[in-house]
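First the structure, in the form of structure tokens, and then the observations on it.
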Amino acid sequence: MFKVLVMDGISDMGIQMLYDAEDVEVDKKSGLSEAELVAIIADYDALMVRSQTKVTENIMAAASKLKVVGRAGVGVDNIDLEAATKRGIVVINAPDGNTIATCELTFAMMMSVARSIPQAYKKTVGGEWDRKTFVGVELRNKTLGILGMGRIGSEVAKRAKVFGMDVIGYDPFLTEERAEKIGVRLGTVNEIAAQADFITVHTPLTNETRHIISRPQFELMKKGVRIVNCARGGIIDEGALVEAIDAGIVAGAAFDVFEEEPPRAEHPFLNNPKIIVTPHLGASTVEAQENVAIDVSEEVLHILRDQPFKNAVNMPPVPPTVLNKLQPYFGLGEHLGQFAGQMTDGAVNEIVVNYSGDLSDVDTTPLTRYIVKGILANQLEGVNIVNAMHLAKTRDVNIVTQKSTASKTFTNLVSVTLKTKNEERTLAGTLLSGYGERIVQIDQYPVDIAPQGNLLLISHNDKPGIIGKVGTLLGSNDVNIATMQVGRKVYGGSAIMVLTTDKQASKDVLDQLIKLPELTNVRELTLE
Ligand SMILES: NC(=O)C1=CN([C@@H]2O[C@H](COP(=O)(O)OP(=O)(O)OC[C@H]3O[C@@H](n4cnc5c(N)ncnc54)[C@H](O)[C@@H]3O)[C@@H](O)[C@H]2O)C=CC1
Ligand SMILES: O=C(O)CCC(=O)C(=O)O
């Protein structure tokens with residue numbers, strides 16, 4: 001039974017599938033301190049949060065069973081990604097579910113700041129009928145500058161066009177073609193600062209975007225500009241904004257997010273009549289909360305059940321077309337890794353993976369993760385596809401990936417070479433239509449083995465009668481042979497024998513085998 005801890009009031013409707021799952025037990029809690037989470041987290045296989053809970057290194061360190069942290073939203077700045085990656089904990093988010101909600105809040109903020117709606121409301125309910133103070137501006141024919149033209153920024157741009165606005169966008173990843181398609185002009189941050197009547201930001205908070213709008217940009221701005229931030233506190237320099245309002249440059253600002261949340265009672269935004277604020281409500285619609293909770297619940301279930309998942313933040317994204325092509329090979333990759341890892345002794349210095357045929361024209365990094373996971377799992381505990389590359393790097397294992405266009409015999413071939421100080425071993429496998437995974441080469445020997453269960457890998461000198469001797473010895477020790485493969489390059493030379501057996505041979509049986517004079521090496525391998 002998997003235990004899932006759901007924090008921060010994530011929508012019950014959205015997590016219904018977790019309540020319905022027979023292999024999952026859900027605990028809902030909120031407002032726990034770091035120490036309280038540290039005390040209980042070891043019980044849980046999955047943790048789901050919004051932006052309130054900070055998932056820190058201390059919490060991860062105590063989370064001995066935790067496989068996944070699910071963020072019901074976009075930004076993962078409340079989760080220590082490095083700590084998660086180190087421990088093989090997958091961090092997933094729900095990037096699509098709250099786009100429209102946040103875009104619509106941005107628009108609501110833009111219109112509120114254009115017409116001073118919150119200020120007018122406050123006066124009216126206070127008994128004043130003031131029709132002079134609140135003369136606003138229209139959006140039509142105004143220039144909107146958008147920093148960050150991803151999901152939310154693009155949706156804001158579309159709506160702004162319908163309102164008759166001229167839109168300038170800045171995003172290092174926005175191509176001219178895409179900008180043209182959305183009907184947006186490209187501009188630099190400073191061009192936007194100089195030309196816009198409204199500026200809204202929709203980037204993540206990174207080293208590049210922190211204070212991307214600060215004093216030098218405010219100094220370029222037209223008098224009367226209005227500023228909106230529904231992305232992250234810190235993208236716009238809060239102190240510089242207050243100065244620009246006092247200097248009469250900025251006519252109004254609307255902020256949903258703060259450098260420190262919740263803001264201190266004496267925060268300068270909270271008593272400034274030109275600044276309207278909301279408590280990080282961008283994603284707070286019934287629809288968005290349901291969407292993100294459904295998306296995250298689905299992914300959490302996939303991860304707990306060892307099924308493929310897509311929105312991992314601490315692993316590079318895999319485009320669906322690539323994933324479709326690679327997914328059938330994940331099992332083969334892991335088995336090749338497990339096999340290769342158990343074929344060698346001593347520390348691995350280098351792993352060389354060669355992909356040929358069908359796999360040579362796609363980014364095979366996700367498949368390499370499975371291979372490396374299989375190899376390291378022989379030596380280390382807690383290896384998974386999230387931390388496999390990281391663990392290899394921290395152990396100075398060099399990973400080399402090669403591609404060759406065609407294999408002479410197979411339409412696809414994955415070969416793995418492990419180099420240690422003393423040896424170099426190679427293994428190759430393929431996916432055969434109708435037969436599934438096959439190992440087709442061990443070192444220089446051609447073989448045909450299904451990589452599963454218990455295997456005995458025997459090196460021997462090719463002599464008449466050796467197969468009989470091995471069979472008799474195993475039989476007399478009640479080890480039933482399921483399949484047997486023999487490979488050799490030349491008659492009478494060195495050869496290998498690979499047996500699959502119905503149960504593991506005991507240490508005693510292995511000792512008896514190695515005493516047979518024709519055998520030079522015996523290894524038992526277990527593939528999961
Ligand atoms: N207020 C709220 O409740 C919510 C806030 N957000 C915030 O909004 C942000 C944007 O969300 P999405 O549009 O879904 O993300 P997204 O990833 O689709 O878009 C972000 C865009 O920012 C661009 N970008 C990155 N660095 C940049 C830079 N230095 N200068 C200009 N552009 C840069 C990226 O290229 C990308 O196109 C999130 O990172 C999150 O922090 C998201 C949802 C709700
Ligand atoms: O969970 C929330 O309400 C915050 C949403 C947010 O900021 C995000 O998705 O990045």
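Residues are referred to by chain and number: the chain letter is A, B, ... according to the order shown in the structure tokens, the number counts from 1 in that chain, and ligands are numbered separately from 1 in the order shown.
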
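Residues in contact with ligand 2 (atom pairs separated by at most 8 Å; only C-alpha atoms and all ligand atoms) are Val49, Arg50, Ser51, Gln52, Arg71, Ala72, Gly73, Val74, Gly75, Val76, Ala94, Pro95, Asn98, Ala231, Arg232, His280, Leu281, Gly282, Ala283, Ser284 and Gln289 of chain A.
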
Shell of 10 Å around Pro273 (chain A), only C-alpha atoms, local chain residues under 4 positions omitted, as number ranges by chain: A: 116, 118-119, 252-253, 269

Selection within 9 Å of ligand 1 by only C-alpha atoms and all ligand atoms, output as a ChimeraX atom specification: /A:51,73-77,95-99,101-103,105-106,146-155,169-174,189,201-210,212,229-233,255-257,279-284

Can I get the selection written as a PDB file, in the first residue's frame, with C-alpha atoms?
ATOM      1  CA  SER A  51       3.339  26.686  -3.219  1.00  0.00           C
ATOM      2  CA  GLY A  73       1.078  23.994 -10.146  1.00  0.00           C
ATOM      3  CA  VAL A  74       3.910  25.345 -12.318  1.00  0.00           C
ATOM      4  CA  GLY A  75       6.658  26.935 -10.204  1.00  0.00           C
ATOM      5  CA  VAL A  76       8.840  24.544  -8.200  1.00  0.00           C
ATOM      6  CA  ASP A  77      10.841  27.195  -6.378  1.00  0.00           C
ATOM      7  CA  PRO A  95       2.463  22.881 -16.074  1.00  0.00           C
ATOM      8  CA  ASP A  96      -0.750  23.252 -18.078  1.00  0.00           C
ATOM      9  CA  GLY A  97      -3.614  23.192 -15.605  1.00  0.00           C
ATOM     10  CA  ASN A  98      -3.458  26.762 -14.281  1.00  0.00           C
ATOM     11  CA  THR A  99      -2.423  28.679 -17.402  1.00  0.00           C
ATOM     12  CA  ALA A 101      -6.573  30.938 -14.450  1.00  0.00           C
ATOM     13  CA  THR A 102      -3.333  32.902 -14.127  1.00  0.00           C
ATOM     14  CA  CYS A 103      -3.804  34.577 -17.492  1.00  0.00           C
ATOM     15  CA  LEU A 105      -6.101  36.995 -13.118  1.00  0.00           C
ATOM     16  CA  THR A 106      -3.449  38.971 -14.997  1.00  0.00           C
ATOM     17  CA  ILE A 146       5.166  41.040 -21.901  1.00  0.00           C
ATOM     18  CA  LEU A 147       8.307  39.536 -20.422  1.00  0.00           C
ATOM     19  CA  GLY A 148       8.122  35.743 -20.710  1.00  0.00           C
ATOM     20  CA  MET A 149       6.107  34.441 -23.640  1.00  0.00           C
ATOM     21  CA  GLY A 150       5.467  30.887 -22.471  1.00  0.00           C
ATOM     22  CA  ARG A 151       2.066  29.386 -21.749  1.00  0.00           C
ATOM     23  CA  ILE A 152       0.676  32.242 -19.650  1.00  0.00           C
ATOM     24  CA  GLY A 153       2.432  35.089 -21.475  1.00  0.00           C
ATOM     25  CA  SER A 154       1.135  33.850 -24.845  1.00  0.00           C
ATOM     26  CA  GLU A 155      -2.445  33.572 -23.560  1.00  0.00           C
ATOM     27  CA  GLY A 169       7.128  40.402 -26.212  1.00  0.00           C
ATOM     28  CA  TYR A 170      10.522  39.561 -24.770  1.00  0.00           C
ATOM     29  CA  ASP A 171      11.585  35.956 -24.313  1.00  0.00           C
ATOM     30  CA  PRO A 172      14.988  34.568 -25.311  1.00  0.00           C
ATOM     31  CA  PHE A 173      13.232  31.436 -26.582  1.00  0.00           C
ATOM     32  CA  LEU A 174      10.583  33.214 -28.653  1.00  0.00           C
ATOM     33  CA  VAL A 189      13.615  44.485 -21.993  1.00  0.00           C
ATOM     34  CA  VAL A 201       5.875  39.578 -16.400  1.00  0.00           C
ATOM     35  CA  HIS A 202       5.404  35.824 -16.941  1.00  0.00           C
ATOM     36  CA  THR A 203       8.840  34.280 -16.471  1.00  0.00           C
ATOM     37  CA  PRO A 204      10.031  31.959 -13.744  1.00  0.00           C
ATOM     38  CA  LEU A 205      12.210  33.566 -11.063  1.00  0.00           C
ATOM     39  CA  THR A 206      15.801  32.748 -12.030  1.00  0.00           C
ATOM     40  CA  ASN A 207      19.172  34.441 -11.695  1.00  0.00           C
ATOM     41  CA  GLU A 208      18.506  36.079 -15.079  1.00  0.00           C
ATOM     42  CA  THR A 209      14.990  37.266 -14.286  1.00  0.00           C
ATOM     43  CA  ARG A 210      15.551  38.440 -10.697  1.00  0.00           C
ATOM     44  CA  ILE A 212      14.841  42.137 -14.569  1.00  0.00           C
ATOM     45  CA  ASN A 229       3.236  40.852 -11.642  1.00  0.00           C
ATOM     46  CA  CYS A 230       1.278  37.606 -11.399  1.00  0.00           C
ATOM     47  CA  ALA A 231       4.374  35.418 -11.827  1.00  0.00           C
ATOM     48  CA  ARG A 232       6.891  35.499  -8.981  1.00  0.00           C
ATOM     49  CA  GLY A 233       7.933  38.031  -6.391  1.00  0.00           C
ATOM     50  CA  PHE A 255       0.914  42.385  -7.622  1.00  0.00           C
ATOM     51  CA  ASP A 256      -0.232  38.843  -6.866  1.00  0.00           C
ATOM     52  CA  VAL A 257       3.209  37.732  -5.667  1.00  0.00           C
ATOM     53  CA  PRO A 279      -2.430  36.840  -1.930  1.00  0.00           C
ATOM     54  CA  HIS A 280      -0.911  34.674  -4.718  1.00  0.00           C
ATOM     55  CA  LEU A 281      -4.276  33.822  -6.252  1.00  0.00           C
ATOM     56  CA  GLY A 282      -3.179  33.274  -9.873  1.00  0.00           C
ATOM     57  CA  ALA A 283      -4.032  29.597  -9.874  1.00  0.00           C
ATOM     58  CA  SER A 284      -6.933  29.838  -7.453  1.00  0.00           C
TER      59      SER A 284
END

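Compared by their closest atoms to Val386 (chain A), and using only C-alpha atoms, the residues A:Asn314, A:Gln504, A:Asn461, A:Ser356 rank with A:Asn314 nearest.
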
I want to know what sits within 9 Å of region 25-30 of chain A, based on only C-alpha atoms, with residues of the same chain fewer than 2 positions away left out; could you give that as a PDB file with N, CA and C atoms, in the first residue's frame?
ATOM      1  N   MET A   1       0.845  -1.203   0.000  1.00  0.00           N
ATOM      2  CA  MET A   1       0.000   0.000   0.000  1.00  0.00           C
ATOM      3  C   MET A   1       0.885   1.259   0.000  1.00  0.00           C
ATOM      4  N   PHE A   2       0.647   2.161  -0.949  1.00  0.00           N
ATOM      5  CA  PHE A   2       1.425   3.400  -1.008  1.00  0.00           C
ATOM      6  C   PHE A   2       0.749   4.476  -0.159  1.00  0.00           C
ATOM      7  N   LYS A   3       1.560   5.244   0.588  1.00  0.00           N
ATOM      8  CA  LYS A   3       0.983   6.333   1.392  1.00  0.00           C
ATOM      9  C   LYS A   3       1.307   7.674   0.752  1.00  0.00           C
ATOM     10  N   VAL A   4       0.262   8.463   0.513  1.00  0.00           N
ATOM     11  CA  VAL A   4       0.445   9.766  -0.135  1.00  0.00           C
ATOM     12  C   VAL A   4       0.032  10.865   0.847  1.00  0.00           C
ATOM     13  N   LEU A   5       0.923  11.825   1.067  1.00  0.00           N
ATOM     14  CA  LEU A   5       0.609  12.963   1.932  1.00  0.00           C
ATOM     15  C   LEU A   5       0.246  14.157   1.057  1.00  0.00           C
ATOM     16  N   VAL A   6      -0.978  14.649   1.227  1.00  0.00           N
ATOM     17  CA  VAL A   6      -1.463  15.766   0.403  1.00  0.00           C
ATOM     18  C   VAL A   6      -1.527  17.020   1.279  1.00  0.00           C
ATOM     19  N   MET A   7      -0.787  18.045   0.887  1.00  0.00           N
ATOM     20  CA  MET A   7      -0.688  19.276   1.682  1.00  0.00           C
ATOM     21  C   MET A   7      -1.389  20.434   0.985  1.00  0.00           C
ATOM     22  N   ASP A   8      -1.471  21.553   1.692  1.00  0.00           N
ATOM     23  CA  ASP A   8      -1.835  22.862   1.127  1.00  0.00           C
ATOM     24  C   ASP A   8      -3.228  22.927   0.513  1.00  0.00           C
ATOM     25  N   GLY A   9      -4.151  22.104   0.986  1.00  0.00           N
ATOM     26  CA  GLY A   9      -5.529  22.212   0.509  1.00  0.00           C
ATOM     27  C   GLY A   9      -5.713  21.902  -0.965  1.00  0.00           C
ATOM     28  N   ILE A  10      -4.958  20.975  -1.477  1.00  0.00           N
ATOM     29  CA  ILE A  10      -5.119  20.573  -2.890  1.00  0.00           C
ATOM     30  C   ILE A  10      -6.530  20.010  -3.081  1.00  0.00           C
ATOM     31  N   LEU A  18      -6.889   9.257  -6.403  1.00  0.00           N
ATOM     32  CA  LEU A  18      -6.028   8.672  -5.364  1.00  0.00           C
ATOM     33  C   LEU A  18      -6.888   7.983  -4.308  1.00  0.00           C
ATOM     34  N   TYR A  19      -8.021   8.645  -3.941  1.00  0.00           N
ATOM     35  CA  TYR A  19      -8.932   8.013  -2.972  1.00  0.00           C
ATOM     36  C   TYR A  19      -9.471   6.699  -3.541  1.00  0.00           C
ATOM     37  N   ALA A  21      -7.991   4.683  -5.696  1.00  0.00           N
ATOM     38  CA  ALA A  21      -6.983   3.654  -6.002  1.00  0.00           C
ATOM     39  C   ALA A  21      -6.872   2.665  -4.840  1.00  0.00           C
ATOM     40  N   GLU A  22      -6.912   1.386  -5.159  1.00  0.00           N
ATOM     41  CA  GLU A  22      -6.893   0.383  -4.089  1.00  0.00           C
ATOM     42  C   GLU A  22      -5.531   0.244  -3.436  1.00  0.00           C
ATOM     43  N   ASP A  23      -4.482   0.679  -4.160  1.00  0.00           N
ATOM     44  CA  ASP A  23      -3.135   0.522  -3.606  1.00  0.00           C
ATOM     45  C   ASP A  23      -2.624   1.812  -2.959  1.00  0.00           C
ATOM     46  N   LEU A  32       1.721  22.407   8.180  1.00  0.00           N
ATOM     47  CA  LEU A  32       2.751  21.782   9.023  1.00  0.00           C
ATOM     48  C   LEU A  32       4.060  22.562   8.902  1.00  0.00           C
ATOM     49  N   THR A  53       3.916  24.867   1.079  1.00  0.00           N
ATOM     50  CA  THR A  53       4.869  24.004   1.783  1.00  0.00           C
ATOM     51  C   THR A  53       6.238  24.100   1.124  1.00  0.00           C
TER      52      THR A  53
END

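Taking only C-alpha atoms into account, Val55 (chain A) lies nearest to A:Gly70 out of the set A:Gly471, A:Pro216, A:Gly70, A:Gly493.
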
8 Å contact set for Gln402 (chain A), only C-alpha atoms, chain neighbours under 5 positions out, as an NGL selection string: :A and (352-355)

DSSP strand (DSSP E or B) selection over region 57-217 of chain A, as a ChimeraX atom specification: /A:68-71,79,90-93,143-147,166-170,185-186,198-201,213

For Asp45 (chain A), the nearest of the candidates A:Tyr491, A:Gln195, A:Leu304, A:Lys158, counting only C-alpha atoms: A:Leu304

Those in region 247-428 of chain A with helix (DSSP H, G or I) from DSSP, as a ChimeraX atom specification: /A:286-304,320-343,358-361,365-377,388-394

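Across the model, the gap from CA of Leu301 (chain A) to CA of Asp20 (chain A) is 11.3 Å.
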
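Nearest-residue note for Val522 (chain A): choosing from A:Ile199, A:Gly468, A:Thr321, A:Leu457, the minimum distance belongs to A:Leu457, counting only C-alpha atoms.
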
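Among the candidates A:Val372, A:Ile15, A:Lys181, A:Gly429, the one nearest to Val397 (chain A) when counting only C-alpha atoms is A:Val372.
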
Write out as an mmCIF file with N, CA and C atoms, in the first residue's frame the residues lying within 12 Å of Asn387 (chain A), counting only C-alpha atoms and excluding same-chain residues fewer than 4 positions away.
data_model
loop_
_atom_site.group_PDB
_atom_site.id
_atom_site.type_symbol
_atom_site.label_atom_id
_atom_site.label_comp_id
_atom_site.auth_asym_id
_atom_site.auth_seq_id
_atom_site.Cartn_x
_atom_site.Cartn_y
_atom_site.Cartn_z
ATOM 1 N N LYS A 67 9.235 8.634 -3.049
ATOM 2 C CA LYS A 67 9.607 8.448 -4.456
ATOM 3 C C LYS A 67 9.332 9.692 -5.281
ATOM 4 N N LEU A 81 15.268 21.120 -5.525
ATOM 5 C CA LEU A 81 15.397 20.141 -6.616
ATOM 6 C C LEU A 81 16.696 19.347 -6.518
ATOM 7 N N GLU A 82 17.761 20.025 -6.092
ATOM 8 C CA GLU A 82 19.048 19.338 -6.024
ATOM 9 C C GLU A 82 18.993 18.226 -4.979
ATOM 10 N N ALA A 83 18.375 18.557 -3.830
ATOM 11 C CA ALA A 83 18.265 17.548 -2.763
ATOM 12 C C ALA A 83 17.428 16.377 -3.247
ATOM 13 N N ALA A 84 16.391 16.653 -4.021
ATOM 14 C CA ALA A 84 15.533 15.575 -4.526
ATOM 15 C C ALA A 84 16.305 14.711 -5.514
ATOM 16 N N THR A 85 17.010 15.347 -6.446
ATOM 17 C CA THR A 85 17.735 14.603 -7.486
ATOM 18 C C THR A 85 18.784 13.693 -6.859
ATOM 19 N N LYS A 86 19.504 14.235 -5.878
ATOM 20 C CA LYS A 86 20.554 13.480 -5.188
ATOM 21 C C LYS A 86 19.994 12.188 -4.611
ATOM 22 N N ARG A 87 18.746 12.273 -4.113
ATOM 23 C CA ARG A 87 18.159 11.108 -3.451
ATOM 24 C C ARG A 87 17.268 10.290 -4.373
ATOM 25 N N GLY A 88 17.238 10.657 -5.643
ATOM 26 C CA GLY A 88 16.434 9.883 -6.589
ATOM 27 C C GLY A 88 14.943 10.115 -6.448
ATOM 28 N N ILE A 89 14.573 11.256 -5.855
ATOM 29 C CA ILE A 89 13.143 11.564 -5.712
ATOM 30 C C ILE A 89 12.701 12.358 -6.954
ATOM 31 N N VAL A 90 11.684 11.875 -7.611
ATOM 32 C CA VAL A 90 11.208 12.582 -8.808
ATOM 33 C C VAL A 90 10.371 13.778 -8.368
ATOM 34 N N VAL A 91 10.615 14.911 -8.983
ATOM 35 C CA VAL A 91 9.750 16.074 -8.740
ATOM 36 C C VAL A 91 8.954 16.312 -10.021
ATOM 37 N N ASN A 314 13.000 17.489 -12.480
ATOM 38 C CA ASN A 314 14.431 17.266 -12.257
ATOM 39 C C ASN A 314 15.005 16.255 -13.245
ATOM 40 N N MET A 315 14.322 16.102 -14.369
ATOM 41 C CA MET A 315 14.886 15.369 -15.504
ATOM 42 C C MET A 315 14.451 16.145 -16.747
ATOM 43 N N ARG A 369 19.659 6.498 -19.370
ATOM 44 C CA ARG A 369 19.393 6.528 -17.921
ATOM 45 C C ARG A 369 19.030 5.141 -17.411
ATOM 46 N N TYR A 370 18.202 4.426 -18.180
ATOM 47 C CA TYR A 370 17.798 3.077 -17.753
ATOM 48 C C TYR A 370 19.006 2.143 -17.732
ATOM 49 N N VAL A 372 22.203 2.985 -17.343
ATOM 50 C CA VAL A 372 23.098 3.355 -16.230
ATOM 51 C C VAL A 372 22.469 2.935 -14.896
ATOM 52 N N LYS A 373 21.155 3.101 -14.797
ATOM 53 C CA LYS A 373 20.467 2.660 -13.571
ATOM 54 C C LYS A 373 20.736 1.165 -13.348
ATOM 55 N N GLY A 374 20.562 0.360 -14.408
ATOM 56 C CA GLY A 374 20.769 -1.091 -14.298
ATOM 57 C C GLY A 374 22.190 -1.425 -13.866
ATOM 58 N N LEU A 376 24.427 0.561 -12.234
ATOM 59 C CA LEU A 376 24.770 1.009 -10.874
ATOM 60 C C LEU A 376 24.000 0.254 -9.800
ATOM 61 N N ALA A 377 22.818 -0.251 -10.163
ATOM 62 C CA ALA A 377 21.991 -0.936 -9.160
ATOM 63 C C ALA A 377 22.718 -2.147 -8.601
ATOM 64 N N LEU A 380 25.018 -0.042 -5.962
ATOM 65 C CA LEU A 380 24.496 0.982 -5.061
ATOM 66 C C LEU A 380 23.030 0.744 -4.764
ATOM 67 N N GLU A 381 22.617 1.196 -3.588
ATOM 68 C CA GLU A 381 21.185 1.109 -3.266
ATOM 69 C C GLU A 381 20.484 2.396 -3.679
ATOM 70 N N GLY A 382 19.213 2.296 -3.934
ATOM 71 C CA GLY A 382 18.404 3.496 -4.172
ATOM 72 C C GLY A 382 18.678 4.184 -5.496
ATOM 73 N N VAL A 383 19.191 3.438 -6.480
ATOM 74 C CA VAL A 383 19.427 4.066 -7.785
ATOM 75 C C VAL A 383 18.127 4.056 -8.567
ATOM 76 N N LEU A 391 24.514 10.013 -9.940
ATOM 77 C CA LEU A 391 25.361 9.115 -9.142
ATOM 78 C C LEU A 391 26.599 8.694 -9.938
ATOM 79 N N ALA A 392 26.413 8.454 -11.248
ATOM 80 C CA ALA A 392 27.563 8.076 -12.082
ATOM 81 C C ALA A 392 28.585 9.212 -12.080
ATOM 82 N N LYS A 393 28.068 10.434 -12.217
ATOM 83 C CA LYS A 393 28.973 11.595 -12.266
ATOM 84 C C LYS A 393 29.722 11.748 -10.942
ATOM 85 N N THR A 394 28.991 11.591 -9.822
ATOM 86 C CA THR A 394 29.672 11.789 -8.534
ATOM 87 C C THR A 394 30.694 10.681 -8.276
#

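If only C-alpha atoms are the atoms counted, then among A:Ala244, A:Val68, A:Ser476, A:Ile192 the closest residue to Asp306 (chain A) is A:Val68.
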
Shell of 9 Å around Arg523 (chain A), only C-alpha atoms, local chain residues under 3 positions omitted, as a ChimeraX atom specification: /A:342-343,455-459,510

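Note that the spacing between CA of Met17 (chain A) and CA of His302 (chain A) amounts to 11.9 Å.
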